[in-house]
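Worksheet: one structure, shown below.
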Amino acid sequence: MDWKELYKQKCVTAEEAISHIHDGDRVVTAFGCCEPVGIERVMLENYKQFHDVQVSNMLLIGDTFWVHDEVKGHFKYNSFFASASSRAALANGDADFTTSHFYEIPAVLHDVIKPRVTIMSVCPPDENGYVSLGTSVDYIESTLHYCDVKIAQVNKYVPRAQGRAVKHISEFDYFVEIDEPLLEVPAAPLSDVERAIGKNCASLINDGDCLQLGIGGIPNAICEELKNKKDLGLHSEMVSDGVVDLIKSGVINNSKKQTHNGVTVLAFAFGTKKLFDFMDNNPAIEMHPVEYVNHPVEISKNDNMVSINSCIQVDLMGQVVSDTIGLRQFSGVGGQVDFVRGATLSKGGRSIMAMPSTTKNDTISKIVPTITENSAVTTPRNDVNYIVTEYGVAQLKGQTLKNRARALINIAHPNFREELKAEFKRRFNEDF
Ligand code: COA
């Protein structure tokens, strides 16, 4: 059958598409800028027709759809990464949280959660019947291989991203045509502290390195400091707007990469129209599934891999807490450990954990004698290499416990150094 005929047959209203979701079903949806909000909105409007449906996605950036009070008993949200939109519901039990390294989430979905229905966003088909998953390929691509019901919101605002984002319409069961601008994640203006952190990180990056940039404000600050570098590569779980100018100017040209030479490789994109437009039909950017992009062995195939992520707290042994504050689930591990380990395995590779030395207007030090009670260690001390703050760089790998503590105190905020030095004396029976 001609693909156009097939496509026409599969095009239905949102109401019809969601009528294939049954009570007790597990549903997985794409997240971030390509969250299929047009279909989700119709699910929410018709919530009374659903009972005990679990909806999993990575994280919520927009409306708190799945955690609205009235949908209790109808939908239950299961998150892999807490955000401002879901933290309260996670804290009071109205939503669930599943912790997993990002590269393992496709396997966790397939083997444990076992969703029957998958819902994602795609751009309209091209002249040969191919659509693209746009900014979110990550865990959602693999669900097309096993879910019983595969639904896509066809949206002209979705960029025609390349790589494994490209799918033939025959891989879907139902299409719902709803055009609406994508959710955006704009970068906040950079603070002086972030700029200083960006400079300190850039001092550890050499021409020809292959980068991974994590989530939060610091990656954009680092991008600002890379303008005079050459021949950088990008193999990153995600990027935001900050990389667009670096790729356009040729600073990032991927010419030294061992895998996907000449091409930026990503699992998802988190930004604004500037980034979406740049990704659209751009053969120099490929989107691939997260079980591939974030697999530590795959990451390590590129020499001089440098991972840069951020964290909530570091103790004087170098244990890194990135996703909890005590028992409170604050974010998620995401791909942090995937990339720390991949960069460590890479020839010439380095991992960087970059954070402001304090938070809450300098009232809380992020470098602490011991981590907050009940917090989970995200990156174990044996995996940690460089810690960076606005005050400098602490290189921890291979260092004694005493030298680790010394290096960390040297990059702590001056307001907290005396108490950290007192702890140093207690712990090591020696003046700082
Ligand atoms: N104690 C209490 N609160 C803290 C804190 C601490 N030690 N450290 C940070 N916070 C609070 C800040 O005050 C801020 O609160 P606010 O939102 O009320 O202003 C909030 O946490 C976010 O801090 P900020 O410094 O703006 O964080 P960020 O946006 O740069 O994100 C992480 C930092 C750690 C949350 C984020 O990088 C993360 O989730 N990392 C883990 C996942 C990861 O690395 N993935 C890798 C690839 S995507």
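Residues in the structure tokens are numbered from 1 in each chain, the chains being A, B, ... in the order shown, and ligands are numbered from 1 in the order shown.
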
Using only C-alpha atoms and all ligand atoms, what are the residues with an atom within 7 Å of ligand 1, set out as a ChimeraX atom specification? /A:213-218,237-238,309-313,322-323,325,330-336,355-356,359-360,364-366

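Excluding Asn57 of chain A itself and same-chain residues fewer than 5 positions from it, the residues having an atom within 8 Å of it are Val28, Thr29, Ala30, Phe31, Asn78, Ser79 and Phe80 of chain A, counting only C-alpha atoms.
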
Work out how far atom CA of Val265 of chain A is from atom CA of Asp277 of chain A, in Å to one decimal. 16.7 Å

Any idea what's packed within 8 Å of Lys230 of chain A, counting only C-alpha atoms, ignoring anything in its chain fewer than 4 positions away? Could you give it as an MDAnalysis selection string? chainID A and resid 207:208 250:252

So that I can see what lies close to Thr363 of chain A, please list as a PyMOL selection string the residues with an atom at most 12 Å from it, counting only C-alpha atoms and leaving out residues fewer than 4 positions away in the same chain. chain A and resi 357-359+413-416

Output C-alpha atoms for every residue in that selection, as a short mmCIF file (atom, residue, chain, number, x, y, z; two decimals), in the first residue's frame.
```cif
data_model
loop_
_atom_site.label_atom_id
_atom_site.label_comp_id
_atom_site.auth_asym_id
_atom_site.auth_seq_id
_atom_site.Cartn_x
_atom_site.Cartn_y
_atom_site.Cartn_z
CA SER A 357 30.65 26.73 46.23
CA THR A 358 27.47 27.85 48.05
CA THR A 359 23.74 28.08 47.60
CA HIS A 413 33.66 29.52 49.83
CA PRO A 414 35.90 31.59 52.17
CA ASN A 415 32.99 31.97 54.65
CA PHE A 416 33.06 28.22 55.29
#
```

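Close contacts of Ile197 of chain A, defined as residues with an atom at most 9 Å away when counting only C-alpha atoms, with chain neighbours fewer than 3 positions off set aside, comprise Asp192, Val193, Glu194, Asn200, Cys201, Ala202, Ile218, Ala221, Ile222, Ala354, Met355, Pro356, Val388, Thr389, Glu390, Tyr391 and Gly392 of chain A.
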
Would you please give, as an MDAnalysis selection string, all residues of segment 192-411 of chain A that DSSP assigns to strand (DSSP E or B) based on the backbone? chainID A and resid 210:213 232:239 252 264:269 285:287 305:309 313:315 320:321 324:325 328:329 350:354 358:359 364:365 367:368 379 386:389 392:395

Any chance you can output those residues with C-alpha atoms as a PDB file, in the first residue's frame?
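Generated file (result_38.pdb):
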```
ATOM      1  CA  CYS A 210      35.144  15.431  23.038  1.00  0.00           C
ATOM      2  CA  LEU A 211      32.599  16.900  25.475  1.00  0.00           C
ATOM      3  CA  GLN A 212      29.508  15.895  27.375  1.00  0.00           C
ATOM      4  CA  LEU A 213      27.569  18.774  28.906  1.00  0.00           C
ATOM      5  CA  LEU A 232      36.035  20.098  19.869  1.00  0.00           C
ATOM      6  CA  GLY A 233      33.678  17.129  19.664  1.00  0.00           C
ATOM      7  CA  LEU A 234      30.293  16.567  21.227  1.00  0.00           C
ATOM      8  CA  HIS A 235      28.953  13.209  22.374  1.00  0.00           C
ATOM      9  CA  SER A 236      26.399  14.172  24.985  1.00  0.00           C
ATOM     10  CA  GLU A 237      23.195  12.851  26.435  1.00  0.00           C
ATOM     11  CA  MET A 238      21.734  16.332  26.009  1.00  0.00           C
ATOM     12  CA  VAL A 239      22.537  19.882  24.937  1.00  0.00           C
ATOM     13  CA  ILE A 252      32.744  22.147  17.707  1.00  0.00           C
ATOM     14  CA  THR A 264      27.379  15.684  17.085  1.00  0.00           C
ATOM     15  CA  VAL A 265      25.653  12.786  18.854  1.00  0.00           C
ATOM     16  CA  LEU A 266      22.811  13.365  21.331  1.00  0.00           C
ATOM     17  CA  ALA A 267      19.944  11.516  23.005  1.00  0.00           C
ATOM     18  CA  PHE A 268      17.752  14.545  23.677  1.00  0.00           C
ATOM     19  CA  ALA A 269      17.781  18.334  23.328  1.00  0.00           C
ATOM     20  CA  ILE A 285      23.565  16.483  14.473  1.00  0.00           C
ATOM     21  CA  GLU A 286      22.321  12.946  15.062  1.00  0.00           C
ATOM     22  CA  MET A 287      19.886  11.847  17.739  1.00  0.00           C
ATOM     23  CA  MET A 305      36.234  12.433  26.486  1.00  0.00           C
ATOM     24  CA  VAL A 306      35.453  15.139  29.058  1.00  0.00           C
ATOM     25  CA  SER A 307      32.218  14.855  31.037  1.00  0.00           C
ATOM     26  CA  ILE A 308      30.922  17.959  32.820  1.00  0.00           C
ATOM     27  CA  ASN A 309      28.066  17.646  35.277  1.00  0.00           C
ATOM     28  CA  GLN A 313      26.873  18.519  47.624  1.00  0.00           C
ATOM     29  CA  VAL A 314      30.407  17.118  47.907  1.00  0.00           C
ATOM     30  CA  ASP A 315      31.813  15.828  51.195  1.00  0.00           C
ATOM     31  CA  VAL A 320      29.064  13.475  45.275  1.00  0.00           C
ATOM     32  CA  VAL A 321      25.342  13.959  45.935  1.00  0.00           C
ATOM     33  CA  THR A 324      18.649  14.179  46.670  1.00  0.00           C
ATOM     34  CA  ILE A 325      18.613  16.555  49.629  1.00  0.00           C
ATOM     35  CA  ARG A 328      13.840  14.571  49.355  1.00  0.00           C
ATOM     36  CA  GLN A 329      14.140  13.546  45.712  1.00  0.00           C
ATOM     37  CA  ARG A 350      38.487  13.291  32.365  1.00  0.00           C
ATOM     38  CA  SER A 351      35.340  13.823  34.416  1.00  0.00           C
ATOM     39  CA  ILE A 352      34.442  17.177  35.911  1.00  0.00           C
ATOM     40  CA  MET A 353      31.842  17.932  38.557  1.00  0.00           C
ATOM     41  CA  ALA A 354      31.208  21.698  38.544  1.00  0.00           C
ATOM     42  CA  THR A 358      27.474  27.847  48.048  1.00  0.00           C
ATOM     43  CA  THR A 359      23.741  28.079  47.596  1.00  0.00           C
ATOM     44  CA  ILE A 364      24.844  26.986  52.683  1.00  0.00           C
ATOM     45  CA  SER A 365      28.195  25.513  51.667  1.00  0.00           C
ATOM     46  CA  ILE A 367      31.349  21.434  50.225  1.00  0.00           C
ATOM     47  CA  VAL A 368      30.555  19.780  53.545  1.00  0.00           C
ATOM     48  CA  THR A 379      28.669   9.475  42.129  1.00  0.00           C
ATOM     49  CA  TYR A 386      37.873  16.925  39.156  1.00  0.00           C
ATOM     50  CA  ILE A 387      35.609  19.084  41.334  1.00  0.00           C
ATOM     51  CA  VAL A 388      35.325  22.690  40.153  1.00  0.00           C
ATOM     52  CA  THR A 389      33.865  25.750  41.891  1.00  0.00           C
ATOM     53  CA  GLY A 392      39.262  26.793  41.413  1.00  0.00           C
ATOM     54  CA  VAL A 393      39.835  23.132  40.647  1.00  0.00           C
ATOM     55  CA  ALA A 394      40.301  20.193  43.045  1.00  0.00           C
ATOM     56  CA  GLN A 395      41.797  17.090  41.456  1.00  0.00           C
TER      57      GLN A 395
END
```

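Considering the residues A:Met43, A:Leu204, A:His295, A:Glu184 and counting only C-alpha atoms, Phe270 of chain A has its shortest atom-to-atom contact with A:Glu184.
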
Per-residue DSSP, segment 120-300 of chain A, filtered to helix (DSSP H, G or I), as a ChimeraX atom specification: /A:140-143,169-171,192-202,218-224,242-248,273-279,290-293,296-300

Would you mind listing what lies within 12 Å of Phe172 of chain A as a PyMOL selection string, with only C-alpha atoms counted and same-chain residues fewer than 6 positions away left out? chain A and resi 6-7+9-11+17+117-122+129-133+141+143-154

Based on the selection just made, write N, CA, C and O atoms of those residues as a compact mmCIF listing (two decimals), in the first residue's frame.
```txt
# COMPACT_ATOMS: atom_id res chain seq x y z
N LEU A 6 -1.65 4.53 3.82
CA LEU A 6 -1.44 3.94 5.14
C LEU A 6 -1.52 5.03 6.22
O LEU A 6 -2.16 4.86 7.27
N TYR A 7 -0.87 6.15 5.93
CA TYR A 7 -0.86 7.26 6.89
C TYR A 7 -2.28 7.76 7.14
O TYR A 7 -2.70 7.97 8.29
N GLN A 9 -5.02 6.15 6.87
CA GLN A 9 -5.76 5.16 7.68
C GLN A 9 -5.41 5.26 9.16
O GLN A 9 -6.23 4.98 10.03
N LYS A 10 -4.15 5.64 9.45
CA LYS A 10 -3.70 5.67 10.84
C LYS A 10 -4.01 7.00 11.53
O LYS A 10 -3.82 7.11 12.74
N CYS A 11 -4.41 8.02 10.76
CA CYS A 11 -4.70 9.33 11.36
C CYS A 11 -6.08 9.27 12.04
O CYS A 11 -7.08 8.95 11.39
N ALA A 17 -7.52 7.83 19.58
CA ALA A 17 -6.19 7.24 19.90
C ALA A 17 -6.15 6.81 21.37
O ALA A 17 -5.72 5.70 21.69
N VAL A 117 1.46 0.90 26.19
CA VAL A 117 1.17 2.00 25.27
C VAL A 117 2.32 3.00 25.30
O VAL A 117 2.85 3.32 26.38
N THR A 118 2.72 3.51 24.14
CA THR A 118 3.74 4.57 24.09
C THR A 118 3.19 5.74 23.28
O THR A 118 2.49 5.54 22.28
N ILE A 119 3.49 6.95 23.77
CA ILE A 119 2.99 8.16 23.09
C ILE A 119 4.16 9.13 22.93
O ILE A 119 4.88 9.41 23.89
N MET A 120 4.34 9.64 21.72
CA MET A 120 5.48 10.54 21.47
C MET A 120 5.08 11.61 20.47
O MET A 120 3.94 11.63 19.98
N SER A 121 6.01 12.50 20.15
CA SER A 121 5.76 13.52 19.13
C SER A 121 6.61 13.22 17.90
O SER A 121 7.74 12.72 18.04
N VAL A 122 6.08 13.55 16.73
CA VAL A 122 6.87 13.43 15.50
C VAL A 122 6.57 14.63 14.60
O VAL A 122 5.54 15.29 14.76
N GLY A 129 7.49 9.11 3.45
CA GLY A 129 6.78 8.52 4.59
C GLY A 129 7.61 8.42 5.85
O GLY A 129 7.29 7.63 6.74
N TYR A 130 8.69 9.19 5.95
CA TYR A 130 9.50 9.17 7.16
C TYR A 130 9.20 10.38 8.05
O TYR A 130 9.14 11.51 7.56
N VAL A 131 9.03 10.11 9.34
CA VAL A 131 8.86 11.18 10.33
C VAL A 131 10.13 11.22 11.18
O VAL A 131 11.03 10.40 11.01
N SER A 132 10.20 12.18 12.11
CA SER A 132 11.35 12.24 13.02
C SER A 132 10.82 12.46 14.43
O SER A 132 9.82 13.17 14.62
N LEU A 133 11.49 11.84 15.39
CA LEU A 133 11.09 11.97 16.81
C LEU A 133 11.55 13.30 17.40
O LEU A 133 11.30 13.56 18.57
N GLU A 141 12.55 5.82 21.75
CA GLU A 141 12.74 5.09 20.48
C GLU A 141 12.55 3.60 20.68
O GLU A 141 11.88 2.93 19.89
N THR A 143 10.73 1.98 22.69
CA THR A 143 9.36 1.54 22.97
C THR A 143 8.60 1.21 21.68
O THR A 143 7.62 0.48 21.71
N LEU A 144 9.08 1.76 20.56
CA LEU A 144 8.44 1.44 19.27
C LEU A 144 8.65 -0.02 18.90
O LEU A 144 7.93 -0.57 18.07
N HIS A 145 9.66 -0.66 19.54
CA HIS A 145 9.96 -2.05 19.17
C HIS A 145 9.10 -3.06 19.92
O HIS A 145 9.07 -4.22 19.55
N TYR A 146 8.44 -2.61 21.03
CA TYR A 146 7.72 -3.65 21.78
C TYR A 146 6.34 -3.24 22.32
O TYR A 146 5.59 -4.11 22.76
N CYS A 147 6.02 -1.96 22.35
CA CYS A 147 4.70 -1.60 22.91
C CYS A 147 3.58 -2.08 21.97
O CYS A 147 3.75 -2.10 20.74
N ASP A 148 2.45 -2.47 22.55
CA ASP A 148 1.33 -2.94 21.74
C ASP A 148 0.66 -1.80 20.99
O ASP A 148 0.14 -1.97 19.89
N VAL A 149 0.63 -0.61 21.64
CA VAL A 149 -0.06 0.53 21.05
C VAL A 149 0.92 1.70 20.94
O VAL A 149 1.44 2.18 21.94
N LYS A 150 1.16 2.15 19.70
CA LYS A 150 2.17 3.19 19.46
C LYS A 150 1.48 4.40 18.84
O LYS A 150 0.99 4.33 17.71
N ILE A 151 1.44 5.48 19.62
CA ILE A 151 0.68 6.67 19.20
C ILE A 151 1.65 7.84 19.04
O ILE A 151 2.55 8.02 19.87
N ALA A 152 1.47 8.64 17.98
CA ALA A 152 2.32 9.82 17.80
C ALA A 152 1.47 11.06 17.54
O ALA A 152 0.51 11.00 16.76
N GLN A 153 1.85 12.14 18.20
CA GLN A 153 1.27 13.45 17.88
C GLN A 153 2.11 14.02 16.74
O GLN A 153 3.33 14.21 16.89
N VAL A 154 1.46 14.27 15.61
CA VAL A 154 2.18 14.82 14.46
C VAL A 154 2.09 16.34 14.56
O VAL A 154 1.00 16.92 14.55
```

Find the spatial neighbours of Glu40 of chain A, counting only C-alpha atoms, within a cut-off of 8 Å - ignore same-chain residues fewer than 4 positions away - and output them as a PyMOL selection string. chain A and resi 36+44+65

Rounded to one decimal, what separation in Å do you get between atom CA of His288 of chain A and atom CA of Ser136 of chain A? 9.0 Å

Of the candidates A:Ala91, A:Val290, A:Ile371, A:Ala161, which shows the shortest atom-to-atom distance to Asp338 of chain A, using only C-alpha atoms?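 Among the listed residues, the smallest separation from Asp338 of chain A belongs to A:Val290.
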